[in-house]
file query-v6.tsv (TSV, C-alpha atoms)
chain	number	residue	atom	x	y	z
A	1	MET	CA	104.46	73.10	96.47
A	2	SER	CA	100.98	71.95	95.57
A	3	SER	CA	100.21	71.33	99.22
A	4	SER	CA	100.44	75.08	99.79
A	5	VAL	CA	97.37	75.73	97.66
A	6	VAL	CA	94.01	74.59	98.96
A	7	PRO	CA	90.41	75.15	97.87
A	8	PRO	CA	88.40	77.63	99.90
A	9	VAL	CA	86.80	76.00	102.92
A	10	ILE	CA	84.43	77.75	105.29
A	11	PRO	CA	83.93	75.29	108.15
A	12	GLU	CA	81.08	75.45	110.59
A	13	GLY	CA	81.76	77.79	113.45
A	14	THR	CA	83.63	80.30	111.32
A	15	PRO	CA	83.66	83.66	113.17
A	16	PRO	CA	81.18	86.29	111.88
A	17	GLU	CA	83.95	88.38	110.39
A	18	GLY	CA	84.63	85.55	107.94
A	19	ARG	CA	88.18	84.70	109.01
A	20	ILE	CA	89.08	81.02	108.91
A	21	PRO	CA	90.41	79.94	112.33
A	22	ALA	CA	93.08	77.69	110.83
A	23	ARG	CA	96.62	77.84	109.54
A	24	TYR	CA	95.49	78.81	106.05
A	25	ARG	CA	95.27	82.47	105.04
A	26	ALA	CA	92.42	83.39	102.68
A	27	ILE	CA	93.55	85.39	99.65
A	28	SER	CA	90.42	85.22	97.52
A	29	THR	CA	87.34	83.06	97.08
A	30	HIS	CA	89.48	80.65	95.07
A	31	LEU	CA	92.80	80.62	96.88
A	32	ALA	CA	94.18	80.19	100.37
A	33	ILE	CA	97.79	79.66	101.41
A	34	ALA	CA	99.67	78.31	104.39
A	35	PRO	CA	102.93	80.30	103.98
A	36	ARG	CA	103.15	83.55	105.91
A	37	VAL	CA	103.85	86.59	103.73
A	38	SER	CA	106.06	89.44	104.95
A	39	VAL	CA	106.14	92.76	103.09
A	40	VAL	CA	109.32	94.85	103.43
A	41	ILE	CA	109.02	98.60	102.80
A	42	PRO	CA	112.20	100.73	102.95
A	43	ALA	CA	111.17	104.31	103.70
A	44	MET	CA	112.80	107.66	104.37
A	45	ASN	CA	110.56	110.72	104.67
A	46	GLU	CA	107.63	109.03	102.92
A	47	ALA	CA	104.84	110.05	105.32
A	48	GLU	CA	102.77	111.56	102.51
A	49	ASN	CA	103.03	108.45	100.34
A	50	LEU	CA	102.41	105.75	102.92
A	51	PRO	CA	98.59	106.13	102.95
A	52	TYR	CA	98.55	105.21	99.25
A	53	VAL	CA	100.99	102.33	99.78
A	54	PHE	CA	99.18	100.77	102.74
A	55	LYS	CA	95.77	101.23	101.11
A	56	THR	CA	96.68	98.73	98.38
A	57	LEU	CA	98.22	96.08	100.66
A	58	PRO	CA	96.08	92.92	101.01
A	59	ASP	CA	94.73	92.31	104.51
A	60	TRP	CA	95.79	88.65	104.39
A	61	ILE	CA	99.54	89.33	104.59
A	62	HIS	CA	101.26	88.17	107.76
A	63	GLU	CA	103.29	91.27	108.54
A	64	VAL	CA	104.57	94.60	107.27
A	65	VAL	CA	108.19	95.44	108.06
A	66	LEU	CA	108.96	99.14	107.60
A	67	VAL	CA	112.66	100.00	107.55
A	68	ASP	CA	113.00	103.63	108.58
A	69	GLY	CA	116.02	105.37	107.08
A	70	ASN	CA	116.25	108.03	109.80
A	71	SER	CA	113.19	109.93	108.61
A	72	THR	CA	112.75	113.51	109.78
A	73	ASP	CA	109.03	113.60	109.04
A	74	SER	CA	106.20	111.51	110.53
A	75	THR	CA	106.90	108.37	108.49
A	76	VAL	CA	106.97	106.03	111.49
A	77	GLU	CA	103.91	107.58	113.17
A	78	VAL	CA	101.88	107.41	109.95
A	79	ALA	CA	102.87	103.78	109.38
A	80	ARG	CA	101.78	102.81	112.89
A	81	GLU	CA	98.49	104.62	112.49
A	82	LEU	CA	97.76	102.93	109.17
A	83	TRP	CA	98.93	99.44	110.18
A	84	PRO	CA	99.02	99.15	114.00
A	85	GLU	CA	100.91	95.83	113.92
A	86	VAL	CA	103.65	97.19	111.66
A	87	VAL	CA	107.20	96.13	112.58
A	88	VAL	CA	109.39	99.24	112.50
A	89	VAL	CA	113.12	98.63	112.14
A	90	PRO	CA	115.59	101.54	112.26
A	91	GLN	CA	118.19	101.53	109.52
A	92	ARG	CA	121.74	101.86	110.84
A	93	GLY	CA	123.51	102.18	107.50
A	94	LYS	CA	122.65	104.01	104.28
A	95	GLY	CA	121.23	103.09	100.90
A	96	LYS	CA	118.36	100.99	99.59
A	97	GLY	CA	120.37	97.78	99.59
A	98	ASP	CA	121.29	98.25	103.23
A	99	ALA	CA	117.64	98.99	104.08
A	100	LEU	CA	116.37	95.87	102.34
A	101	ILE	CA	118.96	93.63	103.98
A	102	THR	CA	117.96	95.09	107.35
A	103	GLY	CA	114.30	94.44	106.60
A	104	PHE	CA	114.87	90.89	105.40
A	105	LYS	CA	116.58	90.01	108.67
A	106	ALA	CA	113.57	91.28	110.61
A	107	CYS	CA	111.02	89.21	108.66
A	108	SER	CA	109.33	86.22	110.23
A	109	GLY	CA	107.37	85.14	107.15
A	110	ASP	CA	108.04	82.27	104.75
A	111	ILE	CA	107.63	84.54	101.70
A	112	ILE	CA	109.17	88.01	101.50
A	113	VAL	CA	107.85	90.75	99.21
A	114	MET	CA	109.77	93.96	98.42
A	115	VAL	CA	107.62	97.08	97.96
A	116	ASP	CA	108.76	100.68	97.46
A	117	ALA	CA	107.33	103.40	99.72
A	118	ASP	CA	106.77	106.03	97.02
A	119	GLY	CA	103.37	104.80	95.86
A	120	SER	CA	104.67	103.51	92.51
A	121	ALA	CA	103.76	99.88	93.21
A	122	ASP	CA	100.26	98.42	93.44
A	123	GLY	CA	100.03	96.13	96.46
A	124	GLN	CA	97.13	94.27	94.87
A	125	GLU	CA	99.68	92.69	92.51
A	126	ILE	CA	101.17	90.78	95.45
A	127	VAL	CA	98.69	87.96	94.84
A	128	SER	CA	100.35	87.32	91.44
A	129	TYR	CA	103.77	87.07	93.06
A	130	VAL	CA	102.57	84.77	95.83
A	131	SER	CA	100.67	82.60	93.35
A	132	ALA	CA	103.87	82.11	91.35
A	133	LEU	CA	105.82	81.12	94.45
A	134	VAL	CA	103.30	78.63	95.83
A	135	SER	CA	103.09	77.15	92.32
A	136	GLY	CA	106.78	76.25	92.35
A	137	ALA	CA	108.93	79.31	91.67
A	138	ASP	CA	111.73	80.28	94.06
A	139	PHE	CA	111.88	83.92	92.99
A	140	ALA	CA	109.04	85.99	91.53
A	141	LYS	CA	110.55	88.90	89.62
A	142	GLY	CA	108.49	91.94	88.68
A	143	SER	CA	108.83	93.19	85.13
A	144	ARG	CA	107.55	96.42	83.63
A	145	PHE	CA	108.33	95.19	80.12
A	146	ALA	CA	106.77	91.73	80.14
A	147	ASN	CA	103.45	91.44	78.34
A	148	GLY	CA	100.89	93.04	80.65
A	149	GLY	CA	103.36	95.27	82.48
A	150	GLY	CA	104.08	98.97	82.06
A	151	THR	CA	105.64	102.08	83.52
A	152	ASP	CA	104.62	105.70	83.90
A	153	ASP	CA	107.89	106.73	85.49
A	154	MET	CA	110.81	105.90	83.19
A	155	THR	CA	112.33	108.44	80.82
A	156	PRO	CA	113.52	107.25	77.38
A	157	ILE	CA	117.13	107.46	78.60
A	158	ARG	CA	116.40	105.29	81.63
A	159	LYS	CA	114.53	102.79	79.46
A	160	LEU	CA	117.52	102.58	77.13
A	161	GLY	CA	119.91	102.13	80.03
A	162	ASN	CA	117.75	99.44	81.61
A	163	TRP	CA	117.51	97.61	78.28
A	164	ALA	CA	121.29	97.73	77.75
A	165	LEU	CA	122.07	96.50	81.27
A	166	CYS	CA	119.38	93.83	81.05
A	167	SER	CA	120.80	92.62	77.73
A	168	ALA	CA	124.25	92.43	79.29
A	169	VAL	CA	122.99	90.29	82.17
A	170	ASN	CA	121.11	88.00	79.79
A	171	ALA	CA	124.20	87.55	77.62
A	172	LYS	CA	126.70	87.11	80.44
A	173	PHE	CA	124.66	84.91	82.79
A	174	GLY	CA	122.29	83.03	80.50
A	175	ALA	CA	119.16	84.73	81.84
A	176	ARG	CA	116.09	85.71	79.82
A	177	TYR	CA	114.93	88.76	81.74
A	178	THR	CA	112.77	91.48	80.22
A	179	ASP	CA	113.51	93.95	83.05
A	180	LEU	CA	116.49	94.36	85.36
A	181	CYS	CA	116.39	97.42	87.60
A	182	TYR	CA	112.98	97.02	89.24
A	183	GLY	CA	112.41	96.72	92.97
A	184	TYR	CA	109.08	94.88	93.10
A	185	ASN	CA	110.02	91.25	93.75
A	186	ALA	CA	109.07	88.36	96.03
A	187	PHE	CA	110.84	85.18	97.05
A	188	TRP	CA	110.92	82.30	99.49
A	189	ARG	CA	112.97	83.06	102.57
A	190	HIS	CA	115.43	80.25	101.82
A	191	CYS	CA	116.68	82.19	98.78
A	192	LEU	CA	118.54	84.59	101.09
A	193	ASP	CA	120.91	81.78	102.09
A	194	GLU	CA	121.84	81.24	98.45
A	195	ILE	CA	122.26	84.79	97.16
A	196	GLU	CA	124.09	86.36	100.15
A	197	LEU	CA	123.39	90.05	99.52
A	198	ASP	CA	126.30	92.38	100.19
A	199	CYS	CA	125.61	95.76	98.57
A	200	THR	CA	124.11	98.97	99.89
A	201	GLY	CA	122.64	100.97	96.98
A	202	PHE	CA	120.00	100.77	94.26
A	203	GLU	CA	122.09	98.10	92.53
A	204	VAL	CA	120.70	95.57	95.03
A	205	GLU	CA	117.93	94.54	92.62
A	206	THR	CA	120.47	93.75	89.90
A	207	LEU	CA	122.60	91.79	92.34
A	208	MET	CA	119.59	89.72	93.40
A	209	ASN	CA	118.61	89.04	89.78
A	210	ILE	CA	122.12	87.88	88.91
A	211	ARG	CA	122.64	85.72	91.94
A	212	VAL	CA	119.36	83.85	91.66
A	213	VAL	CA	120.50	82.87	88.17
A	214	LYS	CA	123.93	81.82	89.42
A	215	ALA	CA	122.32	79.80	92.21
A	216	GLY	CA	120.13	77.92	89.73
A	217	LEU	CA	116.90	79.08	91.37
A	218	ARG	CA	113.63	78.92	89.48
A	219	VAL	CA	112.60	82.43	88.42
A	220	GLN	CA	109.16	83.53	87.23
A	221	GLU	CA	108.58	86.99	85.82
A	222	ILE	CA	105.45	88.83	86.94
A	223	PRO	CA	104.09	91.61	84.69
A	224	SER	CA	103.84	94.72	86.86
A	225	HIS	CA	102.79	98.32	86.32
A	226	GLU	CA	104.96	101.06	87.80
A	227	TYR	CA	103.14	104.30	88.60
A	228	LEU	CA	104.56	107.75	89.14
A	229	ARG	CA	105.88	108.62	92.58
A	230	ILE	CA	103.03	110.44	94.32
A	231	HIS	CA	104.90	112.93	96.51
A	232	GLY	CA	108.54	113.96	96.88
A	233	ALA	CA	111.60	113.28	94.75
A	234	SER	CA	113.40	110.02	94.14
A	235	ASN	CA	116.95	109.46	95.41
A	236	LEU	CA	117.72	107.52	92.24
A	237	ARG	CA	120.40	109.08	90.04
A	238	ALA	CA	120.40	107.47	86.60
A	239	VAL	CA	124.08	107.89	85.68
A	240	ARG	CA	125.54	107.27	89.13
A	241	ASP	CA	123.37	104.27	89.88
A	242	GLY	CA	123.68	102.94	86.35
A	243	LEU	CA	127.45	102.82	86.78
A	244	ARG	CA	127.03	101.00	90.10
A	245	VAL	CA	124.82	98.44	88.37
A	246	LEU	CA	127.44	97.98	85.65
A	247	LYS	CA	130.13	97.41	88.28
A	248	VAL	CA	127.99	94.71	89.87
A	249	ILE	CA	127.59	92.97	86.50
A	250	VAL	CA	131.34	93.04	85.85
A	251	ARG	CA	132.18	91.88	89.36
A	252	GLU	CA	129.71	89.01	89.32
A	253	ARG	CA	130.82	87.88	85.87
A	254	SER	CA	134.46	87.81	86.96
A	255	ASN	CA	133.60	85.35	89.71
A	256	ARG	CA	133.73	82.36	87.39
A	257	ARG	CA	133.96	79.86	90.24
A	258	ASP	CA	130.37	80.59	91.25
A	259	LEU	CA	129.25	80.25	87.65
A	260	ARG	CA	130.86	76.81	87.37
A	261	ARG	CA	129.00	75.72	90.50
A	262	ARG	CA	125.66	76.76	89.03
A	263	PRO	CA	123.55	73.56	88.66
A	264	ALA	CA	121.50	74.78	85.70
A	265	THR	CA	120.07	77.84	84.04
A	266	PRO	CA	116.76	78.55	85.77
A	267	ARG	CA	113.57	78.50	83.82
A	268	LEU	CA	111.94	81.86	83.28
A	269	ASN	CA	108.18	81.80	83.00
A	270	LEU	CA	105.69	84.58	82.47
A	271	VAL	CA	102.33	85.04	84.13
A	272	ARG	CA	99.65	87.58	83.49
A	273	GLY	CA	98.86	90.24	86.06
A	274	ASP	CA	95.91	88.21	87.37
A	275	GLY	CA	98.26	85.45	88.53
A	276	SER	CA	97.26	82.93	85.84

call {"tool": "encode", "arguments": {"input": "query-v6.tsv", "output": "structure tokens"}}
result
Amino acid sequence: MSSSVVPPVIPEGTPPEGRIPARYRAISTHLAIAPRVSVVIPAMNEAENLPYVFKTLPDWIHEVVLVDGNSTDSTVEVARELWPEVVVVPQRGKGKGDALITGFKACSGDIIVMVDADGSADGQEIVSYVSALVSGADFAKGSRFANGGGTDDMTPIRKLGNWALCSAVNAKFGARYTDLCYGYNAFWRHCLDEIELDCTGFEVETLMNIRVVKAGLRVQEIPSHEYLRIHGASNLRAVRDGLRVLKVIVRERSNRRDLRRRPATPRLNLVRGDGS
């Protein structure tokens, strides 16, 4: 993967606006990448939050794919105004898992980043995820509980539930996660062929985390800070969705054939929020 990271080069003839007319995409004064980065944002009636979400997205990303869950407000219009090249994909089914799967299929990038539309995620953290991937990880997993992460949104009950479910996954699948039910993740496109997502609800993040372990993919945790939703109310229901997550854990554990095929337990590394 080292070939994906190159030192900054500003050749003669560079356009006045500073963009490098080559296949590399400038991220900072110290980093440029060749892979195209797609950001998938599932959204339903998030018109008020999108200005905050898009404001934090880096201008070097390749594309934004907004999956519209049949919004009745101006979600789509606001997205197009904020990011004129946005790819809008209508969601045919229901649920966050269904929305993400729909968005993944519409992506043309080499790296896919999952970002919520409620304003709780800081798009500037994407550089940490991308840095982990171009450095050799297959899956960059956000964590609110790794050193450097945090959350303003979780109640004590939800924290306890997340810890219990995370501990169960670590014990049953040989993982070493510090967070389980968090939707800020990034991965190389090829991972989709190995994890074969097939769920529709909020449990999709848990399913992804389990299946990357079972597939023997290299996982790197990225400390991330989760902020409060800015406007509106979340569709997450702690008890209902917690039970769905538990069902996923039990179902995946019972599939022992996949576990026997697992080549090795993936390494789990931690990076600080600045990508180092």

call {"tool": "axis_aligned_box", "arguments": {"input": "query-v6.tsv", "around": "stretch 66-71 of chain A", "padding_each_side": "8 Å", "output": "AutoDock Vina command-line options"}}
result
--center_x 112.6 --center_y 104.5 --center_z 108.4 --size_x 23.3 --size_y 26.8 --size_z 18.7

call {"tool": "atom_distance", "arguments": {"input": "query-v6.tsv", "atom1": "atom CA of A:Arg244", "atom2": "atom CA of A:Ala215"}}
result
21.8 Å

call {"tool": "residues_around", "arguments": {"input": "query-v6.tsv", "residues": "A:Gly123", "least_positions_apart": "2", "cutoff": "9 Å", "atoms": "only C-alpha atoms", "output": "VMD selection string"}}
result
chain A and resid 53 to 58 115 121 125 to 127

call {"tool": "residues_around", "arguments": {"input": "query-v6.tsv", "residues": "A:Ile41", "least_positions_apart": "3", "cutoff": "8 Å", "atoms": "all atoms listed in the file", "output": "list in words"}}
result
Val64, Val65, Leu66, Val67, Leu100, Gly103, Met114, Val115, Asp116 and Ala117 of chain A

call {"tool": "closest_residue", "arguments": {"input": "query-v6.tsv", "among": "A:Glu85, A:Glu77, A:Glu46, A:Asp179", "to": "A:Asn147", "atoms": "all atoms listed in the file"}}
result
A:Asp179

call {"tool": "atom_distance", "arguments": {"input": "query-v6.tsv", "atom1": "atom CA of A:Ser28", "atom2": "atom CA of A:Ser108"}}
result
22.8 Å

call {"tool": "closest_residue", "arguments": {"input": "query-v6.tsv", "among": "A:Val245, A:Lys214, A:Thr75, A:Pro42", "to": "A:Ala164", "atoms": "all atoms listed in the file"}}
result
A:Val245

call {"tool": "atom_distance", "arguments": {"input": "query-v6.tsv", "atom1": "atom CA of A:Leu133", "atom2": "atom CA of A:Pro90"}}
result
28.8 Å

call {"tool": "closest_residue", "arguments": {"input": "query-v6.tsv", "among": "A:Leu243, A:Ile249, A:Val40, A:Ile101", "to": "A:Tyr184", "atoms": "only C-alpha atoms"}}
result
A:Val40

call {"tool": "closest_residue", "arguments": {"input": "query-v6.tsv", "among": "A:Leu180, A:Met154, A:Leu160, A:Cys166", "to": "A:Leu228", "atoms": "all atoms listed in the file"}}
result
A:Met154

call {"tool": "residues_around", "arguments": {"input": "query-v6.tsv", "residues": "A:Arg189", "least_positions_apart": "3", "cutoff": "7 Å", "atoms": "all atoms listed in the file", "output": "VMD selection string"}}
result
chain A and resid 110 to 112 192

call {"tool": "write_last_selection", "arguments": {"input": "query-v6.tsv", "atoms": "C-alpha atoms", "output": "tab-separated table (two decimals), in the coordinates of the input"}}
result
chain	number	residue	atom	x	y	z
A	110	ASP	CA	108.04	82.27	104.75
A	111	ILE	CA	107.63	84.54	101.70
A	112	ILE	CA	109.17	88.01	101.50
A	192	LEU	CA	118.54	84.59	101.09

call {"tool": "residues_near_point", "arguments": {"input": "query-v6.tsv", "point": "(109.5, 89.6, 85.9)", "cutoff": "8 Å", "atoms": "all atoms listed in the file", "output": "list in words"}}
result
Ala140, Lys141, Gly142, Ser143, Arg144, Ala146, Tyr177, Thr178, Asp179, Gln220, Glu221, Ile222, Pro223, Ser224 and Leu270 of chain A

call {"tool": "closest_residue", "arguments": {"input": "query-v6.tsv", "among": "A:Ala132, A:Ala43, A:Val89, A:Tyr182", "to": "A:Ser74", "atoms": "all atoms listed in the file"}}
result
A:Ala43

call {"tool": "closest_residue", "arguments": {"input": "query-v6.tsv", "among": "A:Arg25, A:Lys159, A:Arg211, A:Arg92", "to": "A:His62", "atoms": "only C-alpha atoms"}}
result
A:Arg25

call {"tool": "residues_around", "arguments": {"input": "query-v6.tsv", "residues": "A:Asp73", "least_positions_apart": "3", "cutoff": "12 Å", "atoms": "only C-alpha atoms", "output": "list of chain:residue names"}}
result
A:Ala43, A:Met44, A:Asn45, A:Glu46, A:Ala47, A:Glu48, A:Asn49, A:Leu50, A:Asp68, A:Gly69, A:Asn70, A:Val76, A:Glu77, A:Val78, A:Ala79

call {"tool": "residues_around", "arguments": {"input": "query-v6.tsv", "residues": "stretch 251-253 of chain A", "least_positions_apart": "5", "cutoff": "10 Å", "atoms": "all atoms listed in the file", "output": "PDB file with C-alpha atoms, in the coordinates of the input"}}
result
ATOM      1  CA  VAL A 169     122.990  90.290  82.170  1.00  0.00           C
ATOM      2  CA  LYS A 172     126.700  87.110  80.440  1.00  0.00           C
ATOM      3  CA  PHE A 173     124.660  84.910  82.790  1.00  0.00           C
ATOM      4  CA  LEU A 207     122.600  91.790  92.340  1.00  0.00           C
ATOM      5  CA  ILE A 210     122.120  87.880  88.910  1.00  0.00           C
ATOM      6  CA  ARG A 211     122.640  85.720  91.940  1.00  0.00           C
ATOM      7  CA  LYS A 214     123.930  81.820  89.420  1.00  0.00           C
ATOM      8  CA  VAL A 245     124.820  98.440  88.370  1.00  0.00           C
ATOM      9  CA  LEU A 246     127.440  97.980  85.650  1.00  0.00           C
ATOM     10  CA  ASP A 258     130.370  80.590  91.250  1.00  0.00           C
ATOM     11  CA  LEU A 259     129.250  80.250  87.650  1.00  0.00           C
TER      12      LEU A 259
END
